[in-house]
$ cat input_2.cif   # mmCIF, C-alpha atoms
data_entry
#
loop_
_atom_site.group_PDB
_atom_site.id
_atom_site.type_symbol
_atom_site.label_atom_id
_atom_site.label_comp_id
_atom_site.auth_asym_id
_atom_site.auth_seq_id
_atom_site.Cartn_x
_atom_site.Cartn_y
_atom_site.Cartn_z
ATOM 1 C CA MET A 1214 78.512 135.177 32.247
ATOM 2 C CA THR A 1215 78.856 134.752 28.470
ATOM 3 C CA HIS A 1216 76.111 132.611 26.952
ATOM 4 C CA THR A 1217 77.549 129.959 24.645
ATOM 5 C CA PHE A 1218 74.724 127.383 24.564
ATOM 6 C CA ALA A 1219 71.051 127.899 23.688
ATOM 7 C CA PHE A 1220 68.283 125.300 23.903
ATOM 8 C CA PHE A 1221 64.890 125.777 22.244
ATOM 9 C CA ASP A 1222 61.694 123.817 22.728
ATOM 10 C CA ILE A 1223 59.777 123.488 19.448
ATOM 11 C CA ASP A 1224 55.979 123.383 19.885
ATOM 12 C CA GLY A 1225 54.689 126.617 21.377
ATOM 13 C CA THR A 1226 58.199 128.093 21.289
ATOM 14 C CA ILE A 1227 59.435 127.834 17.707
ATOM 15 C CA LEU A 1228 56.248 126.518 16.092
ATOM 16 C CA ARG A 1229 52.884 128.231 16.385
ATOM 17 C CA ASP A 1230 49.681 126.219 16.759
ATOM 18 C CA ASP A 1231 49.321 126.047 12.965
ATOM 19 C CA GLN A 1232 52.764 124.374 12.770
ATOM 20 C CA THR A 1233 54.443 127.376 11.131
ATOM 21 C CA TYR A 1234 57.228 129.641 12.366
ATOM 22 C CA ASP A 1235 58.133 133.241 11.648
ATOM 23 C CA THR A 1236 61.273 134.007 9.642
ATOM 24 C CA GLN A 1237 62.536 136.430 12.303
ATOM 25 C CA THR A 1238 62.865 133.541 14.749
ATOM 26 C CA LYS A 1239 64.919 131.534 12.258
ATOM 27 C CA GLU A 1240 67.104 134.550 11.495
ATOM 28 C CA ALA A 1241 67.632 135.199 15.218
ATOM 29 C CA ILE A 1242 68.846 131.644 15.788
ATOM 30 C CA HIS A 1243 71.124 131.880 12.759
ATOM 31 C CA THR A 1244 72.572 135.059 14.305
ATOM 32 C CA LEU A 1245 73.398 133.106 17.465
ATOM 33 C CA GLN A 1246 75.140 130.479 15.371
ATOM 34 C CA GLU A 1247 77.184 133.179 13.614
ATOM 35 C CA LYS A 1248 78.300 134.290 17.085
ATOM 36 C CA ASP A 1249 79.514 130.745 17.829
ATOM 37 C CA ILE A 1250 76.693 130.081 20.271
ATOM 38 C CA ARG A 1251 75.833 126.392 20.063
ATOM 39 C CA THR A 1252 72.103 125.978 19.407
ATOM 40 C CA PHE A 1253 69.969 122.924 20.129
ATOM 41 C CA PHE A 1254 66.359 121.928 19.710
ATOM 42 C CA ALA A 1255 64.997 120.321 22.884
ATOM 43 C CA THR A 1256 61.627 118.786 22.123
ATOM 44 C CA GLY A 1257 59.218 116.052 23.042
ATOM 45 C CA ARG A 1258 58.825 115.293 19.356
ATOM 46 C CA PRO A 1259 60.411 112.238 17.751
ATOM 47 C CA LEU A 1260 63.541 112.847 15.704
ATOM 48 C CA HIS A 1261 61.923 111.566 12.520
ATOM 49 C CA GLU A 1262 59.286 114.334 12.759
ATOM 50 C CA ILE A 1263 61.690 117.290 12.874
ATOM 51 C CA HIS A 1264 64.141 116.691 10.018
ATOM 52 C CA PRO A 1265 62.827 119.657 7.947
ATOM 53 C CA LEU A 1266 63.143 121.971 10.959
ATOM 54 C CA LEU A 1267 66.673 120.776 11.665
ATOM 55 C CA LYS A 1268 67.607 121.706 8.108
ATOM 56 C CA ASP A 1269 65.782 125.057 8.139
ATOM 57 C CA PHE A 1270 67.398 126.128 11.423
ATOM 58 C CA ASN A 1271 70.820 124.625 10.647
ATOM 59 C CA MET A 1272 70.745 122.566 13.837
ATOM 60 C CA GLN A 1273 73.624 120.114 14.125
ATOM 61 C CA ALA A 1274 72.531 118.922 17.568
ATOM 62 C CA HIS A 1275 69.222 118.068 19.195
ATOM 63 C CA ILE A 1276 67.358 116.632 22.158
ATOM 64 C CA THR A 1277 64.265 114.663 21.176
ATOM 65 C CA TYR A 1278 61.675 112.367 22.805
ATOM 66 C CA ASN A 1279 61.621 114.634 25.895
ATOM 67 C CA GLY A 1280 65.290 113.980 26.547
ATOM 68 C CA ALA A 1281 65.550 110.275 25.709
ATOM 69 C CA TYR A 1282 67.647 110.752 22.568
ATOM 70 C CA VAL A 1283 70.541 113.205 22.391
ATOM 71 C CA VAL A 1284 72.701 113.773 19.323
ATOM 72 C CA HIS A 1285 75.552 116.175 18.627
ATOM 73 C CA GLU A 1286 76.431 116.157 14.943
ATOM 74 C CA ASP A 1287 76.659 112.406 14.236
ATOM 75 C CA GLU A 1288 77.460 111.322 17.783
ATOM 76 C CA VAL A 1289 74.665 109.802 19.891
ATOM 77 C CA LEU A 1290 75.169 110.967 23.488
ATOM 78 C CA LEU A 1291 72.054 109.281 24.915
ATOM 79 C CA ASN A 1292 69.642 106.596 23.740
ATOM 80 C CA ALA A 1293 67.289 105.799 26.644
ATOM 81 C CA THR A 1294 64.443 103.482 25.692
ATOM 82 C CA PHE A 1295 61.427 102.881 27.918
ATOM 83 C CA ASP A 1296 61.009 99.835 30.120
ATOM 84 C CA ALA A 1297 58.621 97.654 28.107
ATOM 85 C CA ASP A 1298 56.907 96.446 31.304
ATOM 86 C CA VAL A 1299 56.064 100.050 32.230
ATOM 87 C CA LEU A 1300 54.536 100.610 28.800
ATOM 88 C CA GLN A 1301 52.489 97.435 29.170
ATOM 89 C CA THR A 1302 51.124 98.716 32.488
ATOM 90 C CA PHE A 1303 50.003 101.928 30.812
ATOM 91 C CA ALA A 1304 48.433 99.997 27.955
ATOM 92 C CA GLU A 1305 46.353 97.928 30.362
ATOM 93 C CA HIS A 1306 45.094 100.971 32.284
ATOM 94 C CA SER A 1307 44.439 103.041 29.151
ATOM 95 C CA LYS A 1308 41.811 100.523 28.033
ATOM 96 C CA GLN A 1309 39.985 100.956 31.337
ATOM 97 C CA TYR A 1310 39.582 104.708 30.804
ATOM 98 C CA GLY A 1311 39.076 104.719 27.039
ATOM 99 C CA HIS A 1312 42.409 106.384 26.323
ATOM 100 C CA GLU A 1313 44.694 105.740 23.384
ATOM 101 C CA LEU A 1314 48.481 105.585 23.406
ATOM 102 C CA VAL A 1315 51.099 106.590 20.882
ATOM 103 C CA TYR A 1316 54.596 105.102 21.144
ATOM 104 C CA TYR A 1317 57.547 106.798 19.459
ATOM 105 C CA THR A 1318 60.461 104.818 18.065
ATOM 106 C CA LYS A 1319 63.366 106.176 16.035
ATOM 107 C CA ASP A 1320 61.383 105.763 12.823
ATOM 108 C CA THR A 1321 57.650 105.592 13.532
ATOM 109 C CA ASN A 1322 54.726 106.763 15.677
ATOM 110 C CA TYR A 1323 52.724 103.666 16.689
ATOM 111 C CA TYR A 1324 49.105 104.164 17.825
ATOM 112 C CA THR A 1325 47.063 101.689 19.820
ATOM 113 C CA ASN A 1326 44.114 102.791 17.666
ATOM 114 C CA LEU A 1327 45.213 104.832 14.678
ATOM 115 C CA ALA A 1328 41.638 105.325 13.469
ATOM 116 C CA SER A 1329 40.277 106.762 16.737
ATOM 117 C CA GLU A 1330 39.153 110.368 16.987
ATOM 118 C CA ALA A 1331 41.750 111.091 19.689
ATOM 119 C CA SER A 1332 44.570 109.747 17.500
ATOM 120 C CA GLN A 1333 43.434 111.610 14.407
ATOM 121 C CA ASP A 1334 43.002 114.875 16.335
ATOM 122 C CA PHE A 1335 46.526 114.508 17.733
ATOM 123 C CA ILE A 1336 47.992 113.769 14.305
ATOM 124 C CA GLN A 1337 46.304 116.819 12.833
ATOM 125 C CA ALA A 1338 47.186 119.149 15.712
ATOM 126 C CA LEU A 1339 50.898 118.316 15.568
ATOM 127 C CA GLY A 1340 51.180 117.536 11.872
ATOM 128 C CA MET A 1341 52.577 114.080 12.610
ATOM 129 C CA GLN A 1342 53.788 112.241 9.501
ATOM 130 C CA ASN A 1343 55.107 108.745 10.204
ATOM 131 C CA ASN A 1344 52.041 107.092 11.732
ATOM 132 C CA GLN A 1345 51.170 103.399 11.935
ATOM 133 C CA GLN A 1346 48.785 101.138 13.775
ATOM 134 C CA LEU A 1347 50.523 99.247 16.574
ATOM 135 C CA PRO A 1348 50.463 95.564 15.533
ATOM 136 C CA LYS A 1349 49.039 92.942 17.863
ATOM 137 C CA ASP A 1350 52.453 91.313 18.230
ATOM 138 C CA ALA A 1351 54.313 94.423 19.378
ATOM 139 C CA ASP A 1352 56.894 93.037 21.790
ATOM 140 C CA THR A 1353 59.856 94.000 19.607
ATOM 141 C CA ILE A 1354 58.453 97.487 19.016
ATOM 142 C CA LEU A 1355 57.902 98.118 22.725
ATOM 143 C CA GLU A 1356 61.575 97.401 23.362
ATOM 144 C CA GLU A 1357 62.491 100.273 21.005
ATOM 145 C CA VAL A 1358 60.161 102.968 22.377
ATOM 146 C CA LEU A 1359 61.871 106.250 23.310
ATOM 147 C CA GLY A 1360 58.756 108.219 24.251
ATOM 148 C CA ALA A 1361 55.013 107.849 24.716
ATOM 149 C CA THR A 1362 51.862 109.977 24.960
ATOM 150 C CA ILE A 1363 48.415 109.241 26.368
ATOM 151 C CA LEU A 1364 45.578 110.543 24.154
ATOM 152 C CA GLY A 1365 42.021 111.470 25.114
ATOM 153 C CA ALA A 1366 42.890 112.093 28.774
ATOM 154 C CA THR A 1367 41.943 114.874 31.203
ATOM 155 C CA GLU A 1368 43.464 116.503 34.273
ATOM 156 C CA HIS A 1369 42.256 113.462 36.239
ATOM 157 C CA ILE A 1370 44.995 111.412 34.587
ATOM 158 C CA HIS A 1371 47.174 111.695 37.697
ATOM 159 C CA HIS A 1372 44.612 109.663 39.640
ATOM 160 C CA GLN A 1373 43.851 107.125 36.922
ATOM 161 C CA TYR A 1374 47.236 105.513 36.432
ATOM 162 C CA PRO A 1375 49.439 103.680 38.941
ATOM 163 C CA ASN A 1376 51.647 105.871 41.096
ATOM 164 C CA MET A 1377 55.097 104.961 39.824
ATOM 165 C CA ALA A 1378 58.014 106.720 41.501
ATOM 166 C CA ASN A 1379 59.864 107.390 38.252
ATOM 167 C CA ILE A 1380 56.874 108.517 36.149
ATOM 168 C CA HIS A 1381 54.939 111.763 35.789
ATOM 169 C CA PHE A 1382 52.813 113.458 33.107
ATOM 170 C CA SER A 1383 53.053 116.674 31.113
ATOM 171 C CA GLN A 1384 50.077 118.068 29.212
ATOM 172 C CA VAL A 1385 50.840 118.920 25.587
ATOM 173 C CA ASN A 1386 50.565 122.723 25.376
ATOM 174 C CA ILE A 1387 49.067 122.957 21.873
ATOM 175 C CA ASP A 1388 45.531 123.912 20.857
ATOM 176 C CA GLY A 1389 43.836 120.793 19.525
ATOM 177 C CA ALA A 1390 45.989 118.502 21.663
ATOM 178 C CA LYS A 1391 45.033 119.530 25.196
ATOM 179 C CA GLN A 1392 43.850 115.986 25.936
ATOM 180 C CA ALA A 1393 47.315 114.600 25.222
ATOM 181 C CA TYR A 1394 49.748 113.935 28.060
ATOM 182 C CA ASP A 1395 53.377 112.940 27.586
ATOM 183 C CA ILE A 1396 54.617 110.160 29.861
ATOM 184 C CA LEU A 1397 57.854 111.440 31.390
ATOM 185 C CA ARG A 1398 60.551 109.679 33.368
ATOM 186 C CA LEU A 1399 62.200 111.497 36.262
ATOM 187 C CA ASN A 1400 65.632 110.240 35.257
ATOM 188 C CA VAL A 1401 65.107 110.841 31.515
ATOM 189 C CA ASN A 1402 64.075 114.394 30.678
ATOM 190 C CA LYS A 1403 65.248 117.546 28.947
ATOM 191 C CA GLY A 1404 67.176 118.643 32.028
ATOM 192 C CA VAL A 1405 69.204 115.438 32.152
ATOM 193 C CA ALA A 1406 69.816 115.735 28.404
ATOM 194 C CA VAL A 1407 71.041 119.327 28.734
ATOM 195 C CA HIS A 1408 73.321 118.234 31.565
ATOM 196 C CA ILE A 1409 74.794 115.492 29.325
ATOM 197 C CA ILE A 1410 75.454 117.973 26.525
ATOM 198 C CA LEU A 1411 77.074 120.563 28.778
ATOM 199 C CA ASP A 1412 79.246 117.905 30.388
ATOM 200 C CA HIS A 1413 80.214 116.689 26.914
ATOM 201 C CA PHE A 1414 81.644 120.144 26.241
ATOM 202 C CA ASN A 1415 82.946 120.584 29.791
ATOM 203 C CA ALA A 1416 80.773 123.697 29.981
ATOM 204 C CA ASN A 1417 79.422 125.632 32.947
ATOM 205 C CA HIS A 1418 75.627 125.434 33.195
ATOM 206 C CA GLU A 1419 75.521 129.204 33.717
ATOM 207 C CA GLN A 1420 76.656 129.532 30.108
ATOM 208 C CA ALA A 1421 73.379 128.034 28.843
ATOM 209 C CA ILE A 1422 69.982 129.578 28.129
ATOM 210 C CA ALA A 1423 66.710 127.797 27.370
ATOM 211 C CA PHE A 1424 63.327 128.777 25.926
ATOM 212 C CA GLY A 1425 60.165 126.756 26.553
ATOM 213 C CA ASP A 1426 56.445 126.800 27.227
ATOM 214 C CA GLY A 1427 55.397 123.486 28.815
ATOM 215 C CA MET A 1428 55.955 121.535 31.997
ATOM 216 C CA ASN A 1429 58.202 119.130 30.093
ATOM 217 C CA ASP A 1430 60.624 122.101 30.053
ATOM 218 C CA LYS A 1431 60.774 122.402 33.854
ATOM 219 C CA GLU A 1432 63.859 120.253 34.370
ATOM 220 C CA MET A 1433 65.611 122.021 31.504
ATOM 221 C CA PHE A 1434 64.865 125.375 33.129
ATOM 222 C CA GLU A 1435 66.302 124.097 36.394
ATOM 223 C CA THR A 1436 69.509 123.019 34.646
ATOM 224 C CA VAL A 1437 70.491 126.130 32.672
ATOM 225 C CA GLY A 1438 71.694 129.494 33.922
ATOM 226 C CA THR A 1439 68.964 131.537 32.214
ATOM 227 C CA SER A 1440 65.490 130.222 31.431
ATOM 228 C CA VAL A 1441 62.921 132.080 29.341
ATOM 229 C CA ALA A 1442 59.224 131.181 29.492
ATOM 230 C CA MET A 1443 57.095 131.996 26.480
ATOM 231 C CA GLY A 1444 54.121 134.318 26.897
ATOM 232 C CA ASN A 1445 51.854 131.381 26.031
ATOM 233 C CA CYS A 1446 53.473 129.054 28.589
ATOM 234 C CA LYS A 1447 51.749 126.916 31.181
ATOM 235 C CA GLN A 1448 51.444 129.077 34.293
ATOM 236 C CA ASP A 1449 52.970 126.332 36.439
ATOM 237 C CA LEU A 1450 56.225 126.808 34.512
ATOM 238 C CA LEU A 1451 56.713 130.453 35.515
ATOM 239 C CA PRO A 1452 58.304 129.794 38.939
ATOM 240 C CA TYR A 1453 61.153 128.020 37.151
ATOM 241 C CA ALA A 1454 61.789 130.835 34.637
ATOM 242 C CA THR A 1455 64.287 133.653 34.897
ATOM 243 C CA PHE A 1456 61.810 135.850 33.017
ATOM 244 C CA GLN A 1457 58.856 135.624 30.639
ATOM 245 C CA THR A 1458 58.972 136.863 27.067
ATOM 246 C CA THR A 1459 56.098 137.447 24.653
ATOM 247 C CA SER A 1460 54.097 134.620 23.070
ATOM 248 C CA VAL A 1461 55.116 132.456 20.154
ATOM 249 C CA ASP A 1462 52.609 134.444 18.065
ATOM 250 C CA ASP A 1463 54.374 137.688 19.056
ATOM 251 C CA PHE A 1464 58.034 136.891 18.326
ATOM 252 C CA GLY A 1465 58.702 135.485 21.799
ATOM 253 C CA VAL A 1466 62.106 133.986 20.992
ATOM 254 C CA VAL A 1467 63.246 137.124 19.184
ATOM 255 C CA ASN A 1468 62.136 139.407 22.020
ATOM 256 C CA GLY A 1469 63.689 137.151 24.625
ATOM 257 C CA LEU A 1470 67.036 137.120 22.831
ATOM 258 C CA LYS A 1471 66.902 140.905 22.499
ATOM 259 C CA ARG A 1472 66.298 141.239 26.239
ATOM 260 C CA LEU A 1473 69.372 139.062 26.790
ATOM 261 C CA GLN A 1474 71.254 141.358 24.375
ATOM 262 C CA LEU A 1475 72.211 138.408 22.205
ATOM 263 C CA ILE A 1476 70.691 139.964 19.075
ATOM 264 C CA ASP A 1477 69.984 143.555 18.049
#
$ encode --input "input_2.cif" --output "structure tokens"
Amino acid sequence: MTHTFAFFDIDGTILRDDQTYDTQTKEAIHTLQEKDIRTFFATGRPLHEIHPLLKDFNMQAHITYNGAYVVHEDEVLLNATFDADVLQTFAEHSKQYGHELVYYTKDTNYYTNLASEASQDFIQALGMQNNQQLPKDADTILEEVLGATILGATEHIHHQYPNMANIHFSQVNIDGAKQAYDILRLNVNKGVAVHIILDHFNANHEQAIAFGDGMNDKEMFETVGTSVAMGNCKQDLLPYATFQTTSVDDFGVVNGLKRLQLID
């Protein structure tokens, strides 16, 4: 099967823990583009945080907010905001356990306590730029939220929040942000977003490859024909991968593409 679509997670896949990338990775993705392989970022990050990367990697299409917002060129294919009542439930429980929350809209990252240590550690670890304190009257903002993350949590998070059928958590796989957990929706994820894009092009899913390192990449791996786990990936992701490449610090994307014989 000829590969004509390629999806790349960003943190831990393109970006190293210090928020830099190697030039060989950028050149490899540009080589795919020269071969008319459509390339996409597929990230949990907000769109407003990745504009420089989109320019550097010449990406005309992207999946952001863990699959809630999908754009091809200037066409929005998906814009799935959170249920404000669900977010309010998380806000109430987060206070009980001393956690903070960050809500992502199209333009801003809103923190329940911007000055807290957990919030500042998260901002530094991911190099977040557009950060504001969530105002007390936040009803309008909560209606515009595309993604959310719990800060200051531990692996016990699964037992601390209400068991909601459509909700699960994914630990952020970045040094300095291990106590951050993305709030994911079963019907809004990278896999659903990939499916929307492939359907948009009337493409066979076997034509697509994906690179990732975290459990928020699981559904994407299940959707594409070939899935490549980074050497630094969460071990729970490996059963969903076609194969594992080297780490992000050891040219994992480049080596994975070479193994697929997509670059020399």
$ resolve_selection --input "input_2.cif" --expression "the PyMOL selection byres ((chain A and resi 1388) around 10)" --output "number ranges by chain"
A: 1225, 1229-1231, 1335, 1338-1339, 1385-1387, 1389-1392
$ resolve_selection --input "input_2.cif" --expression "the PyMOL selection byres ((chain A and resi 1443-1455) around 7)" --output "compact mmCIF listing (two decimals) with C-alpha atoms, in the frame of the given file"
# COMPACT_ATOMS: atom_id res chain seq x y z
CA THR A 1226 58.20 128.09 21.29
CA GLY A 1425 60.16 126.76 26.55
CA ASP A 1426 56.44 126.80 27.23
CA GLY A 1427 55.40 123.49 28.82
CA MET A 1428 55.96 121.54 32.00
CA LYS A 1431 60.77 122.40 33.85
CA PHE A 1434 64.86 125.38 33.13
CA GLU A 1435 66.30 124.10 36.39
CA THR A 1439 68.96 131.54 32.21
CA SER A 1440 65.49 130.22 31.43
CA VAL A 1441 62.92 132.08 29.34
CA ALA A 1442 59.22 131.18 29.49
CA PHE A 1456 61.81 135.85 33.02
CA GLN A 1457 58.86 135.62 30.64
CA THR A 1458 58.97 136.86 27.07
CA THR A 1459 56.10 137.45 24.65
CA SER A 1460 54.10 134.62 23.07
CA VAL A 1461 55.12 132.46 20.15
CA GLY A 1465 58.70 135.49 21.80
$ atom_distance --input "input_2.cif" --atom1 "CA of Asn1279 in chain A" --atom2 "CA of Thr1217 in chain A"
22.1 Å
$ resolve_selection --input "input_2.cif" --expression "the PyMOL selection byres ((chain A and resi 1261) around 10)" --output "PDB file with C-alpha atoms, keeping the file's coordinate frame"
ATOM      1  CA  ARG A1258      58.825 115.293  19.356  1.00  0.00           C
ATOM      2  CA  PRO A1259      60.411 112.238  17.751  1.00  0.00           C
ATOM      3  CA  LEU A1260      63.541 112.847  15.704  1.00  0.00           C
ATOM      4  CA  GLU A1262      59.286 114.334  12.759  1.00  0.00           C
ATOM      5  CA  ILE A1263      61.690 117.290  12.874  1.00  0.00           C
ATOM      6  CA  HIS A1264      64.141 116.691  10.018  1.00  0.00           C
ATOM      7  CA  PRO A1265      62.827 119.657   7.947  1.00  0.00           C
ATOM      8  CA  THR A1277      64.265 114.663  21.176  1.00  0.00           C
ATOM      9  CA  TYR A1317      57.547 106.798  19.459  1.00  0.00           C
ATOM     10  CA  THR A1318      60.461 104.818  18.065  1.00  0.00           C
ATOM     11  CA  LYS A1319      63.366 106.176  16.035  1.00  0.00           C
ATOM     12  CA  ASP A1320      61.383 105.763  12.823  1.00  0.00           C
ATOM     13  CA  THR A1321      57.650 105.592  13.532  1.00  0.00           C
ATOM     14  CA  ASN A1322      54.726 106.763  15.677  1.00  0.00           C
ATOM     15  CA  MET A1341      52.577 114.080  12.610  1.00  0.00           C
ATOM     16  CA  GLN A1342      53.788 112.241   9.501  1.00  0.00           C
ATOM     17  CA  ASN A1343      55.107 108.745  10.204  1.00  0.00           C
TER      18      ASN A1343
END
$ residues_around --input "input_2.cif" --residues "Lys1403 in chain A" --least-positions-apart "6" --cutoff "9 Å" --atoms "all atoms listed in the file" --output "list of chain:residue names"
A:Ala1255, A:Thr1256, A:Gly1257, A:Ile1276, A:Thr1277, A:Tyr1278, A:Asn1279, A:Gly1280, A:Ala1281, A:Asn1429, A:Asp1430, A:Lys1431, A:Glu1432, A:Met1433, A:Phe1434, A:Thr1436
$ atom_distance --input "input_2.cif" --atom1 "CA of Pro1375 in chain A" --atom2 "CA of Ser1332 in chain A"
22.8 Å
$ closest_residue --input "input_2.cif" --among "A:Ile1250, A:Ala1361, A:Leu1347, A:Val1437" --to "Phe1295 in chain A" --atoms "only C-alpha atoms"
A:Ala1361
$ atom_distance --input "input_2.cif" --atom1 "CA of Asp1352 in chain A" --atom2 "CA of His1371 in chain A"
26.4 Å
$ residues_around --input "input_2.cif" --residues "range 1354-1357 of chain A" --least-positions-apart "2" --cutoff "12 Å" --atoms "all atoms listed in the file" --output "mmCIF file with C-alpha atoms, in the coordinates of the input"
data_model
loop_
_atom_site.group_PDB
_atom_site.id
_atom_site.type_symbol
_atom_site.label_atom_id
_atom_site.label_comp_id
_atom_site.auth_asym_id
_atom_site.auth_seq_id
_atom_site.Cartn_x
_atom_site.Cartn_y
_atom_site.Cartn_z
ATOM 1 C CA ALA A 1281 65.550 110.275 25.709
ATOM 2 C CA TYR A 1282 67.647 110.752 22.568
ATOM 3 C CA ASN A 1292 69.642 106.596 23.740
ATOM 4 C CA ALA A 1293 67.289 105.799 26.644
ATOM 5 C CA THR A 1294 64.443 103.482 25.692
ATOM 6 C CA PHE A 1295 61.427 102.881 27.918
ATOM 7 C CA ASP A 1296 61.009 99.835 30.120
ATOM 8 C CA ALA A 1297 58.621 97.654 28.107
ATOM 9 C CA ASP A 1298 56.907 96.446 31.304
ATOM 10 C CA VAL A 1299 56.064 100.050 32.230
ATOM 11 C CA LEU A 1300 54.536 100.610 28.800
ATOM 12 C CA GLN A 1301 52.489 97.435 29.170
ATOM 13 C CA THR A 1302 51.124 98.716 32.488
ATOM 14 C CA PHE A 1303 50.003 101.928 30.812
ATOM 15 C CA ALA A 1304 48.433 99.997 27.955
ATOM 16 C CA VAL A 1315 51.099 106.590 20.882
ATOM 17 C CA TYR A 1316 54.596 105.102 21.144
ATOM 18 C CA TYR A 1317 57.547 106.798 19.459
ATOM 19 C CA THR A 1318 60.461 104.818 18.065
ATOM 20 C CA LYS A 1319 63.366 106.176 16.035
ATOM 21 C CA ASP A 1320 61.383 105.763 12.823
ATOM 22 C CA THR A 1321 57.650 105.592 13.532
ATOM 23 C CA ASN A 1322 54.726 106.763 15.677
ATOM 24 C CA TYR A 1323 52.724 103.666 16.689
ATOM 25 C CA TYR A 1324 49.105 104.164 17.825
ATOM 26 C CA THR A 1325 47.063 101.689 19.820
ATOM 27 C CA GLN A 1345 51.170 103.399 11.935
ATOM 28 C CA GLN A 1346 48.785 101.138 13.775
ATOM 29 C CA LEU A 1347 50.523 99.247 16.574
ATOM 30 C CA PRO A 1348 50.463 95.564 15.533
ATOM 31 C CA LYS A 1349 49.039 92.942 17.863
ATOM 32 C CA ASP A 1350 52.453 91.313 18.230
ATOM 33 C CA ALA A 1351 54.313 94.423 19.378
ATOM 34 C CA ASP A 1352 56.894 93.037 21.790
ATOM 35 C CA LEU A 1359 61.871 106.250 23.310
ATOM 36 C CA GLY A 1360 58.756 108.219 24.251
ATOM 37 C CA ALA A 1361 55.013 107.849 24.716
#
$ closest_residue --input "input_2.cif" --among "A:Ile1422, A:Leu1245, A:Leu1397, A:Val1289" --to "Thr1362 in chain A" --atoms "all atoms listed in the file"
A:Leu1397
